[in-house]
Amino acid sequence: MDLNAVRTFVAVVDAGRFQDAAADLSISQQAVSKRIAGLERDLGVRLFSRTARGAQLTIDGQAFVSHARELLRAAERAAASVRAGRRALRVDVLRRRTATAGLLRDFHRTHPDIELDVVALFDIDEAVAAVESGTIDATFRAVTMPGRRLPDSVRATPVFDEPLHLFTGPSHPFAEAPAVTPAQLAGHTIWMPGNTPGTEWGAYYDALAEEFGLTIDVVGPNFGIDPLLDTIADSSTLATFVSEQTPLVWPAGLRLRLIPLHDPTPVYPHSLLWRADNPHPALTELRDHLTSAQLRRPTAETWRPGWTRHAEAVGR
């Protein structure tokens with residue numbers, strides 16, 4: 001249905017005359033008549049009868065007028081939902097129990113008026129495709145993986161280097177260590193069943209293992225964090241890596257240990273990716289917030305894969 005014709009119909013109802021409706025709409029009386037005639041043709045009924053007193057609604061026109069007004073209100077609501085600044089900013093955080101989800105929560109606390117739509121996509125290929133197609137506004141990812149290049153339309157900027165910790169049970173050789181160097185982990189097994197090959201986090205831990213002679217064991221189904229905690233708690237040989245800001249809660253009886261890594265501290269490099277021509281004003285607010293000096297960054301010597309060191313170059 002032609003919304004311009006519906007809008008003209010309502011204008012005639014409110015004005016009472018075709019001529020007055022034309023003046024209200026800043027169009028000619030002929031254009032008003034043409035629109036009404038087209039609407040009547042589409043509906044198959046007459047909406048007005050012309051009298052000496054002006055345009056009078058027919059019985060069909062009286063039945064249609066309330067629905068016409070609702071059509072126009074629905075059209076306004078639809079337009080408002082995507083008007084600049086009105087649509088929720090849709091951001092991918094990879095997983096909801098990650099540091100990036102925490103960064104987005106911090107942003108929401110400082111910008112409570114900005115509505116957010118939080119999603120969790122699987123890997124960088126899916127996330128970049130969603131940014132490029134416009135189905136999401138931004139994503140947090142580690143960029144760029146070996147052999148991968150971001151599309152020309154996608155921009156990236158580093159926002160947070162997150163330190164890793166060693167996570168062990170009470171009988172592990174490093175359980176009582178105040179800190180551990182990555183070199184000390186050479187020959188030890190790091191169990192990471194969620195370390196999916198082909199993902200950006202898989203590429204990160206592969207590079208870490210190669211750099212320091214670690215063994216990353218991905219064998220076994222990934223049943224989630226609670227079974228992983230139970231296995232680590234009971235093992236004297238297995239440990240895993242946990243990012244510093246991963247929210248973990250475990251029963252006191254498990255006596256798990258969270259041990260800092262240093263000399264150097266491996267950091268997981270989070271970047272924000274977005275489409276260069278995305279006009280959402282809240283996206284600019286998010287980028288400004290994330291790149292501000294207020295975000296905590298490691299000050300000690302750190303390590304990250306060489307393929308992440310060019311992240312600054314892809315943020316244009």
# chains A, B, ... in the order shown; residues from 1 in each chain; ligands from 1

call {"tool": "closest_atom_pairs", "arguments": {"of": "segment 134-250 of chain A", "to": "segment 118-125 of chain A", "cutoff": "7 Å", "atoms": "only C-alpha atoms", "output": "CSV"}}
result
residue,atom,partner,partner_atom,distance
A:Arg141,CA,A:Ile124,CA,6.6
A:Thr199,CA,A:Asp123,CA,5.7
A:Glu200,CA,A:Ile124,CA,6.5

call {"tool": "select_by_dssp", "arguments": {"residues": "segment 37-85 of chain A", "states": "strand (DSSP E)", "output": "ChimeraX atom specification"}}
result
/A:48-51,54-57

call {"tool": "write_last_selection", "arguments": {"atoms": "C-alpha atoms", "output": "compact mmCIF listing (two decimals), in the first residue's frame"}}
result
# COMPACT_ATOMS: atom_id res chain seq x y z
CA PHE A 48 -14.83 10.13 -0.14
CA SER A 49 -17.91 11.73 -1.60
CA ARG A 50 -17.60 15.36 -2.63
CA THR A 51 -20.27 17.73 -1.37
CA GLY A 54 -16.11 19.50 1.15
CA ALA A 55 -14.92 15.90 1.18
CA GLN A 56 -17.10 13.59 3.24
CA LEU A 57 -16.06 10.08 4.24

call {"tool": "residues_around", "arguments": {"residues": "segment 22-35 of chain A", "least_positions_apart": "6", "cutoff": "8 Å", "atoms": "only C-alpha atoms", "output": "list in words"}}
result
Asn4, Ala5, Thr8 and Ala11 of chain A

call {"tool": "write_last_selection", "arguments": {"atoms": "N, CA and C atoms", "output": "compact mmCIF listing (two decimals), in the first residue's frame"}}
result
# COMPACT_ATOMS: atom_id res chain seq x y z
N ASN A 4 2.32 7.19 0.95
CA ASN A 4 2.06 8.59 0.59
C ASN A 4 0.57 8.81 0.33
N ALA A 5 -0.06 7.84 -0.32
CA ALA A 5 -1.50 7.94 -0.58
C ALA A 5 -2.28 7.85 0.73
N THR A 8 -1.94 11.10 2.49
CA THR A 8 -2.79 12.10 1.84
C THR A 8 -4.25 11.91 2.23
N ALA A 11 -4.70 13.32 5.59
CA ALA A 11 -4.66 14.79 5.52
C ALA A 11 -5.99 15.36 5.05

call {"tool": "closest_residue", "arguments": {"among": "A:Leu229, A:Ile136, A:Val131, A:Val93", "to": "Ser153 of chain A", "atoms": "only C-alpha atoms"}}
result
A:Val131

call {"tool": "select_by_dssp", "arguments": {"residues": "segment 111-239 of chain A", "states": "alpha helix (DSSP H)", "output": "ChimeraX atom specification"}}
result
/A:124-133,200-212,225-234

call {"tool": "closest_residue", "arguments": {"among": "A:Gly44, A:Pro163, A:Gly194, A:Gly253", "to": "Asn222 of chain A", "atoms": "only C-alpha atoms"}}
result
A:Gly194

call {"tool": "closest_residue", "arguments": {"among": "A:Gln245, A:Thr100, A:Thr265, A:Thr237", "to": "Ala179 of chain A", "atoms": "only C-alpha atoms"}}
result
A:Thr265

call {"tool": "atom_distance", "arguments": {"atom1": "atom CA of Leu43 of chain A", "atom2": "atom CA of Ala15 of chain A"}}
result
21.8 Å

call {"tool": "residues_around", "arguments": {"residues": "Ile216 of chain A", "least_positions_apart": "3", "cutoff": "12 Å", "atoms": "only C-alpha atoms", "output": "list in words"}}
result
Leu185, Ala186, Gly187, His188, Thr189, Ile190, Trp191, Met192, Pro193, Gly194, Asn195, Thr196, Pro197, Gly202, Ala203, Tyr204, Tyr205, Asp206, Ala207, Leu208, Ala209, Glu210, Phe212, Gly213, Val219, Leu238, Ala239, Thr240 and Phe241 of chain A

call {"tool": "closest_residue", "arguments": {"among": "A:Val10, A:Val242, A:Leu214, A:Ala138", "to": "Phe167 of chain A", "atoms": "only C-alpha atoms"}}
result
A:Val242

call {"tool": "residues_around", "arguments": {"residues": "segment 278-288 of chain A", "least_positions_apart": "2", "cutoff": "12 Å", "atoms": "only C-alpha atoms", "output": "PyMOL selection string"}}
result
chain A and resi 82-91+103-117+131-140+153-160+271-276+290-295+315

call {"tool": "closest_residue", "arguments": {"among": "A:Ala74, A:Leu254, A:Leu94, A:Leu228", "to": "Pro170 of chain A", "atoms": "only C-alpha atoms"}}
result
A:Leu254

call {"tool": "atom_distance", "arguments": {"atom1": "atom CA of Glu301 of chain A", "atom2": "atom CA of Pro182 of chain A"}}
result
12.2 Å

call {"tool": "closest_residue", "arguments": {"among": "A:Val249, A:Ala183, A:Ala68, A:Leu256", "to": "Thr231 of chain A", "atoms": "only C-alpha atoms"}}
result
A:Leu256

call {"tool": "atom_distance", "arguments": {"atom1": "atom CA of Leu47 of chain A", "atom2": "atom CA of Phe64 of chain A"}}
result
8.1 Å
